[in-house]
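Peer 1: Dropping in protein.txt, which is compact mmCIF, N, CA and C atoms:
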# COMPACT_ATOMS: atom_id res chain seq x y z
N MET D 1 0.84 -1.19 0.00
CA MET D 1 0.00 0.00 0.00
C MET D 1 0.88 1.25 0.00
N PRO D 2 0.50 2.24 -0.77
CA PRO D 2 1.30 3.47 -0.82
C PRO D 2 1.14 4.33 0.43
N VAL D 3 2.15 5.18 0.63
CA VAL D 3 2.17 6.12 1.75
C VAL D 3 2.05 7.53 1.18
N PRO D 4 1.03 8.29 1.58
CA PRO D 4 0.99 9.70 1.17
C PRO D 4 2.18 10.45 1.81
N LEU D 5 2.93 11.14 0.98
CA LEU D 5 4.12 11.86 1.43
C LEU D 5 4.00 13.32 1.03
N GLU D 6 4.30 14.19 1.98
CA GLU D 6 4.40 15.61 1.69
C GLU D 6 5.76 16.09 2.18
N ILE D 7 6.42 16.88 1.33
CA ILE D 7 7.68 17.51 1.71
C ILE D 7 7.45 19.01 1.60
N VAL D 8 7.66 19.69 2.73
CA VAL D 8 7.34 21.11 2.85
C VAL D 8 8.58 21.86 3.31
N SER D 9 8.86 23.00 2.68
CA SER D 9 9.92 23.89 3.13
C SER D 9 9.24 25.11 3.74
N PRO D 10 10.01 26.01 4.36
CA PRO D 10 9.37 27.21 4.90
C PRO D 10 8.65 28.04 3.83
N GLU D 11 9.07 27.92 2.58
CA GLU D 11 8.48 28.73 1.51
C GLU D 11 7.26 28.10 0.86
N LYS D 12 7.24 26.75 0.72
CA LYS D 12 6.16 26.15 -0.07
C LYS D 12 6.09 24.64 0.10
N LEU D 13 5.01 24.09 -0.43
CA LEU D 13 4.86 22.64 -0.54
C LEU D 13 5.69 22.20 -1.73
N LEU D 14 6.67 21.35 -1.50
CA LEU D 14 7.58 20.94 -2.57
C LEU D 14 7.14 19.67 -3.27
N LEU D 15 6.49 18.77 -2.54
CA LEU D 15 6.10 17.50 -3.12
C LEU D 15 4.91 16.95 -2.35
N SER D 16 3.96 16.42 -3.06
CA SER D 16 2.81 15.76 -2.44
C SER D 16 2.40 14.62 -3.36
N ARG D 17 2.72 13.40 -2.95
CA ARG D 17 2.35 12.24 -3.75
C ARG D 17 2.48 10.97 -2.93
N GLU D 18 1.98 9.89 -3.48
CA GLU D 18 2.07 8.60 -2.81
C GLU D 18 3.34 7.88 -3.26
N VAL D 19 4.01 7.24 -2.31
CA VAL D 19 5.19 6.43 -2.59
C VAL D 19 5.03 5.11 -1.86
N GLU D 20 5.75 4.11 -2.30
CA GLU D 20 5.68 2.84 -1.58
C GLU D 20 6.49 2.90 -0.30
N MET D 21 7.62 3.63 -0.36
CA MET D 21 8.45 3.81 0.82
C MET D 21 9.26 5.10 0.66
N VAL D 22 9.51 5.75 1.77
CA VAL D 22 10.41 6.89 1.79
C VAL D 22 11.47 6.59 2.86
N VAL D 23 12.72 6.88 2.54
CA VAL D 23 13.81 6.74 3.51
C VAL D 23 14.29 8.15 3.81
N ILE D 24 14.27 8.49 5.10
CA ILE D 24 14.64 9.83 5.52
C ILE D 24 15.87 9.77 6.43
N PRO D 25 16.69 10.84 6.40
CA PRO D 25 17.87 10.87 7.26
C PRO D 25 17.53 11.38 8.66
N ALA D 26 16.98 10.51 9.47
CA ALA D 26 16.64 10.89 10.85
C ALA D 26 17.94 11.12 11.63
N TYR D 27 17.85 11.90 12.66
CA TYR D 27 19.03 12.23 13.46
C TYR D 27 19.68 10.97 14.01
N GLU D 28 18.86 9.96 14.34
CA GLU D 28 19.38 8.71 14.91
C GLU D 28 19.88 7.75 13.85
N GLY D 29 19.60 8.03 12.57
CA GLY D 29 20.02 7.16 11.47
C GLY D 29 18.95 7.11 10.39
N GLU D 30 19.23 6.39 9.33
CA GLU D 30 18.29 6.26 8.22
C GLU D 30 17.00 5.60 8.72
N LEU D 31 15.86 6.10 8.27
CA LEU D 31 14.57 5.58 8.71
C LEU D 31 13.69 5.35 7.50
N GLY D 32 13.30 4.10 7.27
CA GLY D 32 12.40 3.76 6.19
C GLY D 32 10.96 3.82 6.68
N VAL D 33 10.10 4.48 5.91
CA VAL D 33 8.70 4.65 6.30
C VAL D 33 7.81 3.95 5.27
N LEU D 34 7.04 3.00 5.75
CA LEU D 34 6.05 2.29 4.95
C LEU D 34 4.67 2.56 5.55
N GLU D 35 3.63 2.23 4.81
CA GLU D 35 2.28 2.37 5.35
C GLU D 35 2.17 1.53 6.62
N GLY D 36 1.49 2.06 7.62
CA GLY D 36 1.31 1.36 8.88
C GLY D 36 2.45 1.60 9.88
N HIS D 37 3.38 2.50 9.56
CA HIS D 37 4.50 2.78 10.46
C HIS D 37 3.98 3.33 11.80
N SER D 38 4.68 3.02 12.85
CA SER D 38 4.33 3.56 14.17
C SER D 38 4.42 5.08 14.15
N PRO D 39 3.51 5.75 14.85
CA PRO D 39 3.55 7.22 14.89
C PRO D 39 4.80 7.72 15.60
N MET D 40 5.39 8.76 15.04
CA MET D 40 6.55 9.39 15.67
C MET D 40 6.86 10.71 15.01
N ILE D 41 7.59 11.51 15.73
CA ILE D 41 8.15 12.74 15.18
C ILE D 41 9.65 12.63 15.37
N VAL D 42 10.40 12.83 14.27
CA VAL D 42 11.85 12.67 14.34
C VAL D 42 12.54 13.91 13.80
N LEU D 43 13.69 14.23 14.38
CA LEU D 43 14.54 15.29 13.86
C LEU D 43 15.28 14.75 12.66
N LEU D 44 15.50 15.61 11.68
CA LEU D 44 16.27 15.24 10.50
C LEU D 44 17.65 15.87 10.58
N ARG D 45 18.62 15.11 10.12
CA ARG D 45 19.98 15.64 9.95
C ARG D 45 20.15 15.92 8.46
N GLY D 46 21.21 16.60 8.11
CA GLY D 46 21.51 16.78 6.69
C GLY D 46 21.74 15.43 6.05
N GLY D 47 21.14 15.21 4.90
CA GLY D 47 21.30 13.93 4.22
C GLY D 47 20.39 13.82 3.02
N MET D 48 20.16 12.58 2.62
CA MET D 48 19.41 12.30 1.40
C MET D 48 18.06 11.68 1.74
N ILE D 49 17.01 12.22 1.14
CA ILE D 49 15.68 11.60 1.17
C ILE D 49 15.58 10.77 -0.10
N ARG D 50 15.17 9.51 0.04
CA ARG D 50 15.00 8.65 -1.13
C ARG D 50 13.57 8.15 -1.19
N LEU D 51 12.96 8.29 -2.37
CA LEU D 51 11.59 7.84 -2.60
C LEU D 51 11.64 6.55 -3.42
N TYR D 52 10.82 5.57 -3.02
CA TYR D 52 10.82 4.27 -3.68
C TYR D 52 9.45 3.93 -4.26
N GLN D 53 9.49 3.28 -5.40
CA GLN D 53 8.35 2.56 -5.97
C GLN D 53 8.88 1.15 -6.19
N GLY D 54 8.35 0.19 -5.45
CA GLY D 54 8.92 -1.15 -5.46
C GLY D 54 10.32 -1.09 -4.89
N THR D 55 11.27 -1.70 -5.59
CA THR D 55 12.66 -1.69 -5.12
C THR D 55 13.48 -0.58 -5.79
N GLU D 56 12.83 0.22 -6.62
CA GLU D 56 13.53 1.25 -7.38
C GLU D 56 13.43 2.62 -6.70
N VAL D 57 14.58 3.29 -6.59
CA VAL D 57 14.61 4.67 -6.11
C VAL D 57 14.16 5.56 -7.27
N THR D 58 13.05 6.29 -7.06
CA THR D 58 12.52 7.14 -8.12
C THR D 58 13.01 8.58 -8.01
N ASP D 59 13.29 9.04 -6.80
CA ASP D 59 13.75 10.41 -6.58
C ASP D 59 14.68 10.45 -5.39
N ARG D 60 15.66 11.36 -5.46
CA ARG D 60 16.56 11.61 -4.35
C ARG D 60 16.66 13.12 -4.16
N MET D 61 16.61 13.55 -2.89
CA MET D 61 16.69 14.96 -2.58
C MET D 61 17.60 15.17 -1.39
N PHE D 62 18.40 16.22 -1.46
CA PHE D 62 19.21 16.62 -0.32
C PHE D 62 18.32 17.42 0.62
N VAL D 63 18.40 17.12 1.90
CA VAL D 63 17.68 17.90 2.92
C VAL D 63 18.72 18.37 3.94
N ALA D 64 18.65 19.66 4.29
CA ALA D 64 19.63 20.23 5.21
C ALA D 64 19.30 19.97 6.67
N GLY D 65 18.07 19.64 6.97
CA GLY D 65 17.63 19.42 8.34
C GLY D 65 16.14 19.67 8.43
N GLY D 66 15.60 19.55 9.63
CA GLY D 66 14.18 19.76 9.84
C GLY D 66 13.62 18.66 10.72
N PHE D 67 12.37 18.28 10.47
CA PHE D 67 11.81 17.13 11.17
C PHE D 67 10.74 16.48 10.31
N ALA D 68 10.35 15.28 10.71
CA ALA D 68 9.32 14.54 9.99
C ALA D 68 8.28 14.05 10.99
N GLU D 69 7.03 14.14 10.57
CA GLU D 69 5.93 13.59 11.35
C GLU D 69 5.44 12.35 10.60
N ILE D 70 5.45 11.23 11.29
CA ILE D 70 5.06 9.96 10.69
C ILE D 70 3.84 9.43 11.43
N THR D 71 2.84 9.01 10.66
CA THR D 71 1.67 8.35 11.23
C THR D 71 1.49 7.04 10.46
N PRO D 72 0.62 6.16 10.91
CA PRO D 72 0.39 4.93 10.15
C PRO D 72 -0.13 5.18 8.74
N LYS D 73 -0.67 6.36 8.47
CA LYS D 73 -1.30 6.65 7.19
C LYS D 73 -0.57 7.66 6.30
N ARG D 74 0.48 8.36 6.83
CA ARG D 74 1.17 9.36 6.02
C ARG D 74 2.52 9.72 6.63
N CYS D 75 3.31 10.46 5.83
CA CYS D 75 4.59 10.99 6.29
C CYS D 75 4.69 12.43 5.79
N THR D 76 4.98 13.35 6.70
CA THR D 76 5.16 14.76 6.35
C THR D 76 6.56 15.18 6.76
N VAL D 77 7.33 15.66 5.82
CA VAL D 77 8.68 16.15 6.07
C VAL D 77 8.64 17.67 6.05
N LEU D 78 9.04 18.28 7.14
CA LEU D 78 9.13 19.74 7.25
C LEU D 78 10.62 20.07 7.27
N ALA D 79 11.12 20.52 6.14
CA ALA D 79 12.56 20.65 5.94
C ALA D 79 13.02 22.10 5.93
N ASP D 80 14.21 22.32 6.46
CA ASP D 80 14.83 23.64 6.41
C ASP D 80 15.15 24.01 4.97
N GLU D 81 15.64 23.03 4.22
CA GLU D 81 16.03 23.24 2.83
C GLU D 81 15.99 21.90 2.12
N VAL D 82 15.42 21.85 0.93
CA VAL D 82 15.37 20.64 0.12
C VAL D 82 15.79 21.00 -1.30
N ILE D 83 16.71 20.18 -1.85
CA ILE D 83 17.18 20.40 -3.22
C ILE D 83 17.21 19.05 -3.93
N PRO D 84 16.55 18.93 -5.08
CA PRO D 84 16.69 17.68 -5.84
C PRO D 84 18.17 17.44 -6.14
N VAL D 85 18.59 16.17 -6.05
CA VAL D 85 20.01 15.85 -6.20
C VAL D 85 20.60 16.41 -7.49
N GLY D 86 19.87 16.36 -8.57
CA GLY D 86 20.37 16.87 -9.84
C GLY D 86 20.64 18.36 -9.86
N GLU D 87 20.12 19.09 -8.87
CA GLU D 87 20.29 20.54 -8.81
C GLU D 87 21.29 20.99 -7.75
N VAL D 88 21.90 20.04 -7.04
CA VAL D 88 22.86 20.39 -5.99
C VAL D 88 24.17 20.82 -6.65
N SER D 89 24.64 22.00 -6.30
CA SER D 89 25.86 22.55 -6.88
C SER D 89 27.09 22.12 -6.08
N ARG D 90 28.07 21.58 -6.77
CA ARG D 90 29.33 21.19 -6.13
C ARG D 90 30.03 22.42 -5.55
N ALA D 91 30.01 23.54 -6.26
CA ALA D 91 30.67 24.76 -5.79
C ALA D 91 30.01 25.27 -4.50
N VAL D 92 28.68 25.25 -4.46
CA VAL D 92 27.96 25.69 -3.25
C VAL D 92 28.25 24.73 -2.10
N ALA D 93 28.26 23.44 -2.38
CA ALA D 93 28.55 22.45 -1.34
C ALA D 93 29.97 22.62 -0.79
N ASP D 94 30.95 22.85 -1.67
CA ASP D 94 32.33 23.08 -1.23
C ASP D 94 32.41 24.31 -0.32
N GLU D 95 31.72 25.39 -0.71
CA GLU D 95 31.74 26.61 0.09
C GLU D 95 31.09 26.39 1.45
N ARG D 96 29.96 25.69 1.47
CA ARG D 96 29.30 25.41 2.75
C ARG D 96 30.20 24.57 3.66
N LEU D 97 30.90 23.62 3.07
CA LEU D 97 31.80 22.79 3.87
C LEU D 97 32.94 23.62 4.44
N ARG D 98 33.51 24.51 3.64
CA ARG D 98 34.58 25.38 4.15
C ARG D 98 34.06 26.26 5.30
N GLU D 99 32.88 26.85 5.11
CA GLU D 99 32.30 27.72 6.16
C GLU D 99 31.97 26.92 7.42
N ALA D 100 31.41 25.74 7.24
CA ALA D 100 31.05 24.91 8.40
C ALA D 100 32.29 24.45 9.16
N GLN D 101 33.35 24.10 8.43
CA GLN D 101 34.60 23.69 9.08
C GLN D 101 35.20 24.84 9.86
N ALA D 102 35.16 26.03 9.27
CA ALA D 102 35.69 27.22 9.96
C ALA D 102 34.88 27.52 11.22
N ALA D 103 33.56 27.39 11.14
CA ALA D 103 32.70 27.62 12.31
C ALA D 103 32.98 26.59 13.40
N TYR D 104 33.18 25.34 13.00
CA TYR D 104 33.50 24.30 13.99
C TYR D 104 34.86 24.58 14.63
N ASP D 105 35.86 24.92 13.82
CA ASP D 105 37.19 25.20 14.36
C ASP D 105 37.17 26.38 15.33
N ALA D 106 36.30 27.37 15.07
CA ALA D 106 36.22 28.56 15.91
C ALA D 106 35.33 28.39 17.14
N ALA D 107 34.52 27.33 17.17
CA ALA D 107 33.59 27.12 18.28
C ALA D 107 34.34 26.88 19.58
N ASP D 108 33.82 27.44 20.66
CA ASP D 108 34.36 27.22 22.00
C ASP D 108 34.08 25.77 22.38
N LYS D 109 35.10 24.95 22.47
CA LYS D 109 34.93 23.50 22.72
C LYS D 109 34.39 23.21 24.12
N MET D 110 34.33 24.21 24.97
CA MET D 110 33.73 24.04 26.30
C MET D 110 32.23 24.32 26.27
N ASP D 111 31.74 24.90 25.18
CA ASP D 111 30.33 25.21 25.01
C ASP D 111 29.70 24.11 24.16
N MET D 112 29.12 23.11 24.83
CA MET D 112 28.62 21.94 24.11
C MET D 112 27.47 22.28 23.16
N VAL D 113 26.66 23.26 23.48
CA VAL D 113 25.58 23.67 22.59
C VAL D 113 26.16 24.21 21.29
N ALA D 114 27.19 25.05 21.40
CA ALA D 114 27.83 25.61 20.21
C ALA D 114 28.54 24.53 19.40
N VAL D 115 29.19 23.60 20.09
CA VAL D 115 29.88 22.50 19.41
C VAL D 115 28.87 21.63 18.67
N ASP D 116 27.76 21.29 19.33
CA ASP D 116 26.73 20.47 18.67
C ASP D 116 26.16 21.16 17.44
N ALA D 117 25.88 22.45 17.55
CA ALA D 117 25.35 23.20 16.40
C ALA D 117 26.37 23.23 15.26
N ALA D 118 27.63 23.44 15.60
CA ALA D 118 28.68 23.46 14.57
C ALA D 118 28.84 22.08 13.93
N MET D 119 28.74 21.02 14.72
CA MET D 119 28.83 19.66 14.17
C MET D 119 27.65 19.36 13.25
N ASP D 120 26.45 19.79 13.63
CA ASP D 120 25.27 19.58 12.77
C ASP D 120 25.47 20.30 11.43
N ARG D 121 25.97 21.50 11.49
CA ARG D 121 26.20 22.27 10.26
C ARG D 121 27.28 21.60 9.39
N LEU D 122 28.31 21.09 10.03
CA LEU D 122 29.39 20.40 9.32
C LEU D 122 28.87 19.12 8.67
N GLN D 123 28.07 18.35 9.41
CA GLN D 123 27.52 17.10 8.87
C GLN D 123 26.59 17.39 7.70
N SER D 124 25.79 18.43 7.80
CA SER D 124 24.88 18.80 6.72
C SER D 124 25.66 19.21 5.47
N ALA D 125 26.74 19.96 5.65
CA ALA D 125 27.57 20.37 4.52
C ALA D 125 28.22 19.15 3.86
N ARG D 126 28.67 18.21 4.65
CA ARG D 126 29.26 16.98 4.09
C ARG D 126 28.21 16.19 3.31
N ALA D 127 26.99 16.14 3.83
CA ALA D 127 25.91 15.43 3.14
C ALA D 127 25.58 16.13 1.82
N MET D 128 25.63 17.46 1.81
CA MET D 128 25.37 18.19 0.57
C MET D 128 26.45 17.89 -0.47
N LEU D 129 27.69 17.79 -0.02
CA LEU D 129 28.78 17.45 -0.92
C LEU D 129 28.58 16.04 -1.49
N GLU D 130 28.16 15.11 -0.67
CA GLU D 130 27.87 13.75 -1.14
C GLU D 130 26.75 13.77 -2.17
N ALA D 131 25.73 14.59 -1.93
CA ALA D 131 24.62 14.70 -2.87
C ALA D 131 25.11 15.28 -4.21
N ALA D 132 26.00 16.26 -4.14
CA ALA D 132 26.55 16.85 -5.37
C ALA D 132 27.33 15.81 -6.15
N ASP D 133 28.08 14.97 -5.45
CA ASP D 133 28.85 13.91 -6.11
C ASP D 133 27.95 12.82 -6.69
N ALA D 134 26.77 12.64 -6.09
CA ALA D 134 25.84 11.61 -6.55
C ALA D 134 25.05 12.05 -7.77
N ALA D 135 25.04 13.35 -8.04
CA ALA D 135 24.23 13.89 -9.15
C ALA D 135 24.73 13.44 -10.50
For the structure just supplied, provide its representation as structure tokens.
Peer 2:
Amino acid sequence: MPVPLEIVSPEKLLLSREVEMVVIPAYEGELGVLEGHSPMIVLLRGGMIRLYQGTEVTDRMFVAGGFAEITPKRCTVLADEVIPVGEVSRAVADERLREAQAAYDAADKMDMVAVDAAMDRLQSARAMLEAADAA
């Protein structure tokens, strides 16, 4: 049975359709969502969203972060930023990685909140670079 999926950014509804499965980059790790999934709300890390029909990946999108609401009947992704893999720029990804590395290097290592935020930004930039390479 298909799962209704919506992907929303702060600006607009980016995608609304049924998929057999969606794999999202949850903060705790990759999470596959099928119809009948247990209800949950999860934080997203920077990574790749993959949409499946059968065993075939039909679409891949880079997501910078956000969260997802999952119910037995649907999945809604509320993302900070979503870019189809084919549109991810290697130059932009390289620049984000340089900026994120500089922010991490400059972070006060005694301030765990600042270190965690810098690590999240660094991980998201690395995921964007991987998405650019996958395009």
Peer 1: Any chance you could tabulate, as CSV, the residues of segment 20-46 of chain D at most 8 Å from segment 74-91 of chain D with each one's nearest atom pair and distance in Å to one decimal, using all atoms listed in the file, in chain and rising number order?
Peer 2:
residue,atom,partner,partner_atom,distance
D:Val33,CA,D:Cys75,CA,7.6
D:Leu34,C,D:Arg74,N,7.3
D:Glu35,CA,D:Arg74,N,6.4
D:Gly36,N,D:Arg74,N,6.4
D:His37,N,D:Arg74,N,7.1
D:Leu44,N,D:Leu78,C,7.9
Peer 1: Nearest residue to Ser9 of chain D out of D:Ala118, D:Ile70, D:Val113, D:Ala64, using only C-alpha atoms?
Peer 2: D:Ala64
Peer 1: Report the closest atom pair, with its distance in Å rounded to one decimal, for each residue of segment 1-97 of chain D that has an atom no farther than 6.5 Å from segment 123-126 of chain D; count only N, CA and C atoms, sort by chain and then rising residue number, and write it as a tab-separated table.
Peer 2:
residue	atom	partner	partner_atom	distance
D:Arg45	C	D:Ser124	CA	5.8
D:Gly46	CA	D:Ser124	CA	3.9
D:Gly47	N	D:Ser124	CA	5.5
D:Ala64	CA	D:Ser124	CA	5.6
D:Ala93	C	D:Ala125	C	6.1
D:Arg96	C	D:Ala125	CA	5.0
D:Leu97	N	D:Ala125	CA	4.9
Peer 1: Could the residues in this selection be saved with N, CA and C atoms as a PDB file, in the frame of the given file?
Peer 2:
ATOM      1  N   ARG D  45      18.620  15.110  10.120  1.00  0.00           N
ATOM      2  CA  ARG D  45      19.980  15.640   9.950  1.00  0.00           C
ATOM      3  C   ARG D  45      20.150  15.920   8.460  1.00  0.00           C
ATOM      4  N   GLY D  46      21.210  16.600   8.110  1.00  0.00           N
ATOM      5  CA  GLY D  46      21.510  16.780   6.690  1.00  0.00           C
ATOM      6  C   GLY D  46      21.740  15.430   6.050  1.00  0.00           C
ATOM      7  N   GLY D  47      21.140  15.210   4.900  1.00  0.00           N
ATOM      8  CA  GLY D  47      21.300  13.930   4.220  1.00  0.00           C
ATOM      9  C   GLY D  47      20.390  13.820   3.020  1.00  0.00           C
ATOM     10  N   ALA D  64      18.650  19.660   4.290  1.00  0.00           N
ATOM     11  CA  ALA D  64      19.630  20.230   5.210  1.00  0.00           C
ATOM     12  C   ALA D  64      19.300  19.970   6.670  1.00  0.00           C
ATOM     13  N   ALA D  93      28.260  23.440  -2.380  1.00  0.00           N
ATOM     14  CA  ALA D  93      28.550  22.450  -1.340  1.00  0.00           C
ATOM     15  C   ALA D  93      29.970  22.620  -0.790  1.00  0.00           C
ATOM     16  N   ARG D  96      29.960  25.690   1.470  1.00  0.00           N
ATOM     17  CA  ARG D  96      29.300  25.410   2.750  1.00  0.00           C
ATOM     18  C   ARG D  96      30.200  24.570   3.660  1.00  0.00           C
ATOM     19  N   LEU D  97      30.900  23.620   3.070  1.00  0.00           N
ATOM     20  CA  LEU D  97      31.800  22.790   3.870  1.00  0.00           C
ATOM     21  C   LEU D  97      32.940  23.620   4.440  1.00  0.00           C
TER      22      LEU D  97
END
Peer 1: May I have all residues of chain D that DSSP, computed from the backbone, assigns to helix (DSSP H, G or I), given as a count of residues only?
Peer 2: 43
Peer 1: As a PyMOL selection string, which residues of chain D does DSSP assign to strand (DSSP E)?
Peer 2: chain D and resi 3-8+13-19+21-26+29-33+40-44+47-53+56-63+66-71+74-79+82-84
Peer 1: Record the distance separating atom C of Ile41 of chain D and atom N of Asp111 of chain D, expressed in Å with one decimal.
Peer 2: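 Pair atom C of Ile41 of chain D / atom N of Asp111 of chain D returns 27.1 Å.
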